[in-house]
>>> print(open('entry.cif').read())   # mmCIF, C-alpha atoms
data_run
loop_
_atom_site.group_PDB
_atom_site.id
_atom_site.type_symbol
_atom_site.label_atom_id
_atom_site.label_comp_id
_atom_site.auth_asym_id
_atom_site.auth_seq_id
_atom_site.Cartn_x
_atom_site.Cartn_y
_atom_site.Cartn_z
ATOM 1 C CA ASP A 1 37.927 -13.541 30.202
ATOM 2 C CA ALA A 2 36.508 -12.373 26.908
ATOM 3 C CA MET A 3 32.783 -12.836 26.958
ATOM 4 C CA VAL A 4 29.260 -11.799 26.043
ATOM 5 C CA ILE A 5 27.508 -9.886 28.821
ATOM 6 C CA GLN A 6 23.802 -9.278 29.045
ATOM 7 C CA ASN A 7 22.192 -6.822 31.411
ATOM 8 C CA PRO A 8 20.083 -7.103 33.349
ATOM 9 C CA ARG A 9 19.670 -10.834 34.044
ATOM 10 C CA TYR A 10 16.045 -10.274 35.006
ATOM 11 C CA GLN A 11 13.806 -7.473 33.760
ATOM 12 C CA VAL A 12 10.235 -6.769 34.754
ATOM 13 C CA THR A 13 8.175 -4.272 32.815
ATOM 14 C CA GLN A 14 4.549 -3.313 32.554
ATOM 15 C CA PHE A 15 2.287 -4.179 29.675
ATOM 16 C CA GLY A 16 2.857 -1.574 26.964
ATOM 17 C CA LYS A 17 5.837 0.108 28.663
ATOM 18 C CA PRO A 18 8.953 0.280 26.465
ATOM 19 C CA VAL A 19 11.925 -1.731 27.624
ATOM 20 C CA THR A 20 15.534 -1.990 26.468
ATOM 21 C CA LEU A 21 17.810 -4.977 26.928
ATOM 22 C CA SER A 22 21.534 -4.622 26.460
ATOM 23 C CA CYS A 23 24.378 -6.819 25.301
ATOM 24 C CA SER A 24 28.083 -6.107 25.293
ATOM 25 C CA GLN A 25 31.023 -8.171 24.124
ATOM 26 C CA THR A 26 34.763 -8.154 24.623
ATOM 27 C CA LEU A 27 35.382 -10.672 21.827
ATOM 28 C CA ASN A 28 35.519 -7.995 19.088
ATOM 29 C CA HIS A 29 33.246 -10.154 16.948
ATOM 30 C CA ASN A 30 31.687 -8.448 13.946
ATOM 31 C CA VAL A 31 28.358 -10.297 14.016
ATOM 32 C CA MET A 32 25.826 -9.926 16.841
ATOM 33 C CA TYR A 33 22.508 -11.726 17.165
ATOM 34 C CA TRP A 34 19.338 -11.389 19.231
ATOM 35 C CA TYR A 35 17.230 -14.457 19.925
ATOM 36 C CA GLN A 36 13.954 -15.010 21.758
ATOM 37 C CA GLN A 37 13.553 -18.266 23.674
ATOM 38 C CA LYS A 38 10.330 -19.460 25.301
ATOM 39 C CA SER A 39 9.890 -22.344 27.749
ATOM 40 C CA SER A 40 13.158 -24.138 26.880
ATOM 41 C CA GLN A 41 12.215 -24.297 23.223
ATOM 42 C CA ALA A 42 14.877 -23.743 20.615
ATOM 43 C CA PRO A 43 15.978 -20.102 20.330
ATOM 44 C CA LYS A 44 14.232 -18.075 17.648
ATOM 45 C CA LEU A 45 16.365 -15.584 15.748
ATOM 46 C CA LEU A 46 14.912 -12.057 15.787
ATOM 47 C CA PHE A 47 17.656 -10.179 13.896
ATOM 48 C CA HIS A 48 21.370 -9.825 13.544
ATOM 49 C CA TYR A 49 23.997 -7.261 12.687
ATOM 50 C CA TYR A 50 26.831 -8.058 10.316
ATOM 51 C CA ASP A 51 29.129 -5.182 11.219
ATOM 52 C CA LYS A 52 26.726 -2.227 10.909
ATOM 53 C CA ASP A 53 24.374 -3.963 8.485
ATOM 54 C CA PHE A 54 21.053 -4.799 10.142
ATOM 55 C CA ASN A 55 19.290 -8.012 9.080
ATOM 56 C CA ASN A 56 15.727 -8.529 10.259
ATOM 57 C CA GLU A 57 14.039 -11.932 10.174
ATOM 58 C CA ALA A 58 10.840 -11.883 8.121
ATOM 59 C CA ASP A 59 8.611 -12.912 11.023
ATOM 60 C CA THR A 60 10.069 -10.614 13.683
ATOM 61 C CA PRO A 61 7.289 -8.301 14.901
ATOM 62 C CA ASP A 62 7.657 -4.566 14.262
ATOM 63 C CA ASN A 63 7.452 -4.125 18.018
ATOM 64 C CA PHE A 64 11.064 -5.321 18.226
ATOM 65 C CA GLN A 65 13.866 -2.978 17.222
ATOM 66 C CA SER A 66 17.614 -3.063 17.618
ATOM 67 C CA ARG A 67 20.529 -0.664 17.752
ATOM 68 C CA ARG A 68 24.244 -1.268 17.481
ATOM 69 C CA PRO A 69 26.106 1.958 18.250
ATOM 70 C CA ASN A 70 29.534 0.327 18.046
ATOM 71 C CA THR A 71 31.196 -3.080 17.726
ATOM 72 C CA SER A 72 30.915 -3.862 21.426
ATOM 73 C CA PHE A 73 27.292 -3.006 22.195
ATOM 74 C CA CYS A 74 23.927 -4.063 20.875
ATOM 75 C CA PHE A 75 20.474 -3.199 22.243
ATOM 76 C CA LEU A 76 17.078 -4.785 21.897
ATOM 77 C CA ASP A 77 14.163 -2.371 22.209
ATOM 78 C CA ILE A 78 10.627 -3.628 22.708
ATOM 79 C CA ARG A 79 8.385 -0.674 22.025
ATOM 80 C CA SER A 80 5.113 -1.904 23.523
ATOM 81 C CA PRO A 81 5.586 -5.226 25.274
ATOM 82 C CA GLY A 82 2.665 -7.596 25.323
ATOM 83 C CA LEU A 83 2.145 -10.627 27.532
ATOM 84 C CA GLY A 84 3.333 -12.832 24.683
ATOM 85 C CA ASP A 85 6.743 -11.147 24.750
ATOM 86 C CA ALA A 86 7.615 -12.654 28.123
ATOM 87 C CA ALA A 87 10.608 -14.853 27.353
ATOM 88 C CA MET A 88 14.353 -15.288 27.696
ATOM 89 C CA TYR A 89 16.259 -13.006 25.327
ATOM 90 C CA LEU A 90 19.664 -14.229 24.267
ATOM 91 C CA CYS A 91 22.480 -12.292 22.649
ATOM 92 C CA ALA A 92 25.202 -14.047 20.680
ATOM 93 C CA THR A 93 28.291 -13.043 18.746
ATOM 94 C CA ARG A 94 30.314 -14.599 15.963
ATOM 95 C CA THR A 95 33.305 -13.957 13.752
ATOM 96 C CA GLY A 96 34.268 -15.746 10.551
ATOM 97 C CA ASP A 97 33.334 -19.433 10.571
ATOM 98 C CA GLN A 98 33.675 -19.718 14.333
ATOM 99 C CA PRO A 99 30.713 -20.830 16.478
ATOM 100 C CA GLN A 100 28.285 -18.381 17.994
ATOM 101 C CA HIS A 101 29.012 -17.448 21.607
ATOM 102 C CA PHE A 102 26.048 -16.701 23.832
ATOM 103 C CA GLY A 103 25.488 -14.506 26.845
ATOM 104 C CA ASP A 104 23.597 -15.695 29.907
ATOM 105 C CA GLY A 105 20.367 -14.107 28.684
ATOM 106 C CA THR A 106 17.837 -11.668 30.111
ATOM 107 C CA ARG A 107 14.577 -13.091 31.390
ATOM 108 C CA LEU A 108 11.798 -10.614 30.662
ATOM 109 C CA SER A 109 8.552 -10.647 32.631
ATOM 110 C CA ILE A 110 5.499 -8.571 31.730
ATOM 111 C CA LEU A 111 3.072 -7.413 34.429
ATOM 112 C CA GLY B 1 13.419 -27.343 3.889
ATOM 113 C CA GLU B 2 16.038 -27.571 6.573
ATOM 114 C CA ASP B 3 15.094 -29.594 9.620
ATOM 115 C CA VAL B 4 16.944 -30.808 12.698
ATOM 116 C CA GLU B 5 15.319 -33.419 14.922
ATOM 117 C CA GLN B 6 16.076 -34.663 18.427
ATOM 118 C CA SER B 7 14.299 -36.757 21.018
ATOM 119 C CA LEU B 8 12.820 -34.543 23.727
ATOM 120 C CA PHE B 9 13.995 -36.551 26.748
ATOM 121 C CA LEU B 10 16.777 -38.935 27.757
ATOM 122 C CA SER B 11 17.047 -40.537 31.197
ATOM 123 C CA VAL B 12 20.290 -42.192 32.346
ATOM 124 C CA ARG B 13 21.786 -43.381 35.610
ATOM 125 C CA GLU B 14 24.601 -41.452 37.193
ATOM 126 C CA GLY B 15 27.897 -42.944 36.089
ATOM 127 C CA ASP B 16 26.519 -44.433 32.862
ATOM 128 C CA SER B 17 27.160 -43.013 29.400
ATOM 129 C CA SER B 18 24.577 -40.749 27.800
ATOM 130 C CA VAL B 19 24.074 -40.743 24.055
ATOM 131 C CA ILE B 20 22.027 -37.907 22.604
ATOM 132 C CA ASN B 21 21.056 -38.263 18.963
ATOM 133 C CA CYS B 22 20.235 -35.747 16.271
ATOM 134 C CA THR B 23 19.239 -36.076 12.632
ATOM 135 C CA TYR B 24 19.273 -33.372 10.006
ATOM 136 C CA THR B 25 17.964 -33.175 6.483
ATOM 137 C CA ASP B 26 20.178 -30.758 4.579
ATOM 138 C CA SER B 27 23.248 -32.355 3.050
ATOM 139 C CA SER B 28 24.949 -28.975 2.668
ATOM 140 C CA SER B 29 25.579 -28.682 6.412
ATOM 141 C CA THR B 30 29.020 -27.279 7.023
ATOM 142 C CA TYR B 31 29.244 -27.304 10.807
ATOM 143 C CA LEU B 32 27.239 -29.152 13.432
ATOM 144 C CA TYR B 33 27.120 -28.043 17.049
ATOM 145 C CA TRP B 34 26.109 -29.163 20.490
ATOM 146 C CA TYR B 35 25.004 -26.495 22.948
ATOM 147 C CA LYS B 36 24.131 -27.103 26.599
ATOM 148 C CA GLN B 37 21.556 -25.060 28.488
ATOM 149 C CA GLU B 38 21.164 -25.353 32.239
ATOM 150 C CA PRO B 39 17.935 -24.071 33.855
ATOM 151 C CA GLY B 40 17.662 -20.295 33.657
ATOM 152 C CA ALA B 41 21.012 -19.941 31.913
ATOM 153 C CA GLY B 42 22.232 -19.089 28.447
ATOM 154 C CA LEU B 43 23.568 -21.483 25.851
ATOM 155 C CA GLN B 44 27.024 -22.931 26.382
ATOM 156 C CA LEU B 45 28.891 -24.230 23.360
ATOM 157 C CA LEU B 46 29.994 -27.767 24.217
ATOM 158 C CA THR B 47 31.610 -28.859 21.008
ATOM 159 C CA TYR B 48 31.271 -28.669 17.251
ATOM 160 C CA ILE B 49 32.385 -30.651 14.253
ATOM 161 C CA PHE B 50 33.129 -29.764 10.681
ATOM 162 C CA SER B 51 31.163 -31.782 8.174
ATOM 163 C CA ASN B 52 34.229 -33.498 6.696
ATOM 164 C CA MET B 53 35.055 -35.073 10.072
ATOM 165 C CA ASP B 54 33.682 -38.351 11.438
ATOM 166 C CA MET B 55 34.518 -37.997 15.089
ATOM 167 C CA LYS B 56 35.721 -35.501 17.649
ATOM 168 C CA GLN B 57 36.650 -36.238 21.239
ATOM 169 C CA ASP B 58 37.112 -33.789 24.079
ATOM 170 C CA GLN B 59 37.549 -35.265 27.552
ATOM 171 C CA ARG B 60 34.201 -36.930 28.443
ATOM 172 C CA LEU B 61 32.522 -35.813 25.220
ATOM 173 C CA THR B 62 32.574 -37.732 21.949
ATOM 174 C CA VAL B 63 30.819 -36.475 18.835
ATOM 175 C CA LEU B 64 30.111 -38.890 15.997
ATOM 176 C CA LEU B 65 28.957 -37.741 12.569
ATOM 177 C CA ASN B 66 27.502 -40.090 9.981
ATOM 178 C CA LYS B 67 27.158 -37.850 6.966
ATOM 179 C CA LYS B 68 25.621 -40.554 4.790
ATOM 180 C CA ASP B 69 22.750 -41.026 7.256
ATOM 181 C CA LYS B 70 22.747 -37.344 8.308
ATOM 182 C CA HIS B 71 23.063 -38.426 11.923
ATOM 183 C CA LEU B 72 24.965 -36.698 14.710
ATOM 184 C CA SER B 73 25.430 -38.002 18.237
ATOM 185 C CA LEU B 74 26.885 -36.697 21.465
ATOM 186 C CA ARG B 75 28.189 -39.217 23.962
ATOM 187 C CA ILE B 76 28.845 -38.105 27.522
ATOM 188 C CA ALA B 77 30.949 -40.627 29.425
ATOM 189 C CA ASP B 78 30.476 -41.119 33.192
ATOM 190 C CA THR B 79 27.393 -38.912 33.357
ATOM 191 C CA GLN B 80 27.242 -36.715 36.454
ATOM 192 C CA THR B 81 24.417 -34.745 38.080
ATOM 193 C CA GLY B 82 25.999 -31.575 36.716
ATOM 194 C CA ASP B 83 25.272 -32.840 33.220
ATOM 195 C CA SER B 84 21.534 -32.348 33.804
ATOM 196 C CA ALA B 85 20.518 -29.830 31.161
ATOM 197 C CA ILE B 86 18.905 -29.423 27.779
ATOM 198 C CA TYR B 87 21.212 -30.252 24.894
ATOM 199 C CA PHE B 88 20.573 -28.529 21.574
ATOM 200 C CA CYS B 89 21.867 -29.823 18.292
ATOM 201 C CA ALA B 90 22.311 -27.168 15.597
ATOM 202 C CA GLU B 91 23.722 -26.887 12.113
ATOM 203 C CA THR B 92 24.869 -24.191 9.765
ATOM 204 C CA LEU B 93 24.617 -24.523 6.025
ATOM 205 C CA ALA B 94 26.916 -23.209 3.324
ATOM 206 C CA PRO B 95 28.566 -19.840 3.974
ATOM 207 C CA ASP B 96 25.872 -18.100 1.931
ATOM 208 C CA SER B 97 23.507 -18.590 4.865
ATOM 209 C CA ASN B 98 25.784 -16.316 6.856
ATOM 210 C CA TYR B 99 26.338 -19.172 9.308
ATOM 211 C CA GLN B 100 22.876 -18.850 10.803
ATOM 212 C CA LEU B 101 21.980 -21.710 13.110
ATOM 213 C CA ILE B 102 19.197 -24.193 12.443
ATOM 214 C CA TRP B 103 18.176 -25.679 15.769
ATOM 215 C CA GLY B 104 16.787 -28.935 17.007
ATOM 216 C CA ALA B 105 14.102 -28.812 19.696
ATOM 217 C CA GLY B 106 16.554 -29.844 22.427
ATOM 218 C CA THR B 107 16.917 -33.035 24.456
ATOM 219 C CA LYS B 108 16.414 -32.815 28.192
ATOM 220 C CA LEU B 109 18.927 -35.070 29.941
ATOM 221 C CA ILE B 110 17.618 -36.450 33.245
ATOM 222 C CA ILE B 111 20.072 -38.090 35.624
ATOM 223 C CA LYS B 112 18.802 -40.828 37.928
ATOM 224 C CA PRO B 113 20.771 -41.476 41.136
#
>>> encode(input="entry.cif", output="structure tokens")
Amino acid sequence: DAMVIQNPRYQVTQFGKPVTLSCSQTLNHNVMYWYQQKSSQAPKLLFHYYDKDFNNEADTPDNFQSRRPNTSFCFLDIRSPGLGDAAMYLCATRTGDQPQHFGDGTRLSIL
Amino acid sequence: GEDVEQSLFLSVREGDSSVINCTYTDSSSTYLYWYKQEPGAGLQLLTYIFSNMDMKQDQRLTVLLNKKDKHLSLRIADTQTGDSAIYFCAETLAPDSNYQLIWGAGTKLIIKP
């Protein structure tokens, strides 16, 4: 089945140690999103790619970066994770006026 | 500004119908969505409705849209224990917003035996 795949499902890193989360898709959607979700709150959009065009939300910390080397893959890099960055990170994709499709998320813990 | 509001909790008995409500403020909504999130999982698209529609039905799910009152509801018939989850209402505005989602806070559906 075509889908959005996030790896790993669970990630543990140390305070200040860089970490990368990955997302891949087989839907061939041109838009990819990264969200942060804490404690079953609504997801908070960090940034998105429209094709290769990167769009950062105004309140996304500089600590968060993203890369999209091709249509299928998108990465979230957290350069120096703090305790406040512990959360579920969700990747989603979209094409045209169709709904966003989400992966299962990566739960990030900071030691 | 744009705002989407939902009650935080709903408790129903197994076998009854659940009705989860959502209100929104922006009249330029184009699509309205219901996503389901089970504990520790991602967001599953349940259903969505275009703003020129009043109702959409899909098996046990019925979505009603009252555009005049800016009110959206999700009815789940014959609620089962597997329906326990948080249900997020979301909207997108005109295409100029690049179809970004504006989220409600989510309603936690609790099923009583």
>>> residues_around(input="entry.cif", residues="B:Leu72", least_positions_apart="3", cutoff="12 Å", atoms="all atoms listed in the file", output="mmCIF file with C-alpha atoms, in the frame of the given file")
data_model
loop_
_atom_site.group_PDB
_atom_site.id
_atom_site.type_symbol
_atom_site.label_atom_id
_atom_site.label_comp_id
_atom_site.auth_asym_id
_atom_site.auth_seq_id
_atom_site.Cartn_x
_atom_site.Cartn_y
_atom_site.Cartn_z
ATOM 1 C CA VAL B 4 16.944 -30.808 12.698
ATOM 2 C CA GLU B 5 15.319 -33.419 14.922
ATOM 3 C CA GLN B 6 16.076 -34.663 18.427
ATOM 4 C CA VAL B 19 24.074 -40.743 24.055
ATOM 5 C CA ILE B 20 22.027 -37.907 22.604
ATOM 6 C CA ASN B 21 21.056 -38.263 18.963
ATOM 7 C CA CYS B 22 20.235 -35.747 16.271
ATOM 8 C CA THR B 23 19.239 -36.076 12.632
ATOM 9 C CA TYR B 24 19.273 -33.372 10.006
ATOM 10 C CA THR B 25 17.964 -33.175 6.483
ATOM 11 C CA SER B 29 25.579 -28.682 6.412
ATOM 12 C CA TYR B 31 29.244 -27.304 10.807
ATOM 13 C CA LEU B 32 27.239 -29.152 13.432
ATOM 14 C CA TYR B 33 27.120 -28.043 17.049
ATOM 15 C CA TRP B 34 26.109 -29.163 20.490
ATOM 16 C CA TYR B 48 31.271 -28.669 17.251
ATOM 17 C CA ILE B 49 32.385 -30.651 14.253
ATOM 18 C CA PHE B 50 33.129 -29.764 10.681
ATOM 19 C CA SER B 51 31.163 -31.782 8.174
ATOM 20 C CA MET B 53 35.055 -35.073 10.072
ATOM 21 C CA ASP B 54 33.682 -38.351 11.438
ATOM 22 C CA MET B 55 34.518 -37.997 15.089
ATOM 23 C CA LYS B 56 35.721 -35.501 17.649
ATOM 24 C CA THR B 62 32.574 -37.732 21.949
ATOM 25 C CA VAL B 63 30.819 -36.475 18.835
ATOM 26 C CA LEU B 64 30.111 -38.890 15.997
ATOM 27 C CA LEU B 65 28.957 -37.741 12.569
ATOM 28 C CA ASN B 66 27.502 -40.090 9.981
ATOM 29 C CA LYS B 67 27.158 -37.850 6.966
ATOM 30 C CA LYS B 68 25.621 -40.554 4.790
ATOM 31 C CA ASP B 69 22.750 -41.026 7.256
ATOM 32 C CA ARG B 75 28.189 -39.217 23.962
ATOM 33 C CA PHE B 88 20.573 -28.529 21.574
ATOM 34 C CA CYS B 89 21.867 -29.823 18.292
ATOM 35 C CA ALA B 90 22.311 -27.168 15.597
ATOM 36 C CA GLU B 91 23.722 -26.887 12.113
ATOM 37 C CA GLY B 104 16.787 -28.935 17.007
#
>>> atom_distance(input="entry.cif", atom1="atom CA of B:Glu14", atom2="atom CA of B:Thr81")
6.8 Å
>>> resolve_selection(input="entry.cif", expression="the PyMOL selection byres ((chain B) within 6 of (chain A))", output="list in words")
Ala41, Gly42, Leu43 and Ala105 of chain B
>>> atom_distance(input="entry.cif", atom1="atom CA of A:Asn7", atom2="atom CA of B:Ile86")
23.1 Å
>>> atom_distance(input="entry.cif", atom1="atom CA of B:Arg60", atom2="atom CA of B:Tyr99")
27.3 Å
>>> resolve_selection(input="entry.cif", expression="the PyMOL selection byres ((chain A and resi 75) around 8)", output="compact mmCIF listing (two decimals) with C-alpha atoms, keeping the file's coordinate frame")
# COMPACT_ATOMS: atom_id res chain seq x y z
CA THR A 20 15.53 -1.99 26.47
CA LEU A 21 17.81 -4.98 26.93
CA SER A 22 21.53 -4.62 26.46
CA CYS A 23 24.38 -6.82 25.30
CA SER A 66 17.61 -3.06 17.62
CA ARG A 67 20.53 -0.66 17.75
CA ARG A 68 24.24 -1.27 17.48
CA PHE A 73 27.29 -3.01 22.20
CA CYS A 74 23.93 -4.06 20.88
CA LEU A 76 17.08 -4.78 21.90
CA ASP A 77 14.16 -2.37 22.21
>>> residues_around(input="entry.cif", residues="B:Asp16", least_positions_apart="2", cutoff="10 Å", atoms="only C-alpha atoms", output="list in words")
Val12, Arg13, Glu14, Ser18, Val19, Ile76, Ala77, Asp78, Thr79, Gln80, Ile111 and Lys112 of chain B
>>> closest_residue(input="entry.cif", among="A:Tyr10, A:Asn30, A:Pro69, A:Arg79", to="B:Gly40", atoms="only C-alpha atoms")
A:Tyr10
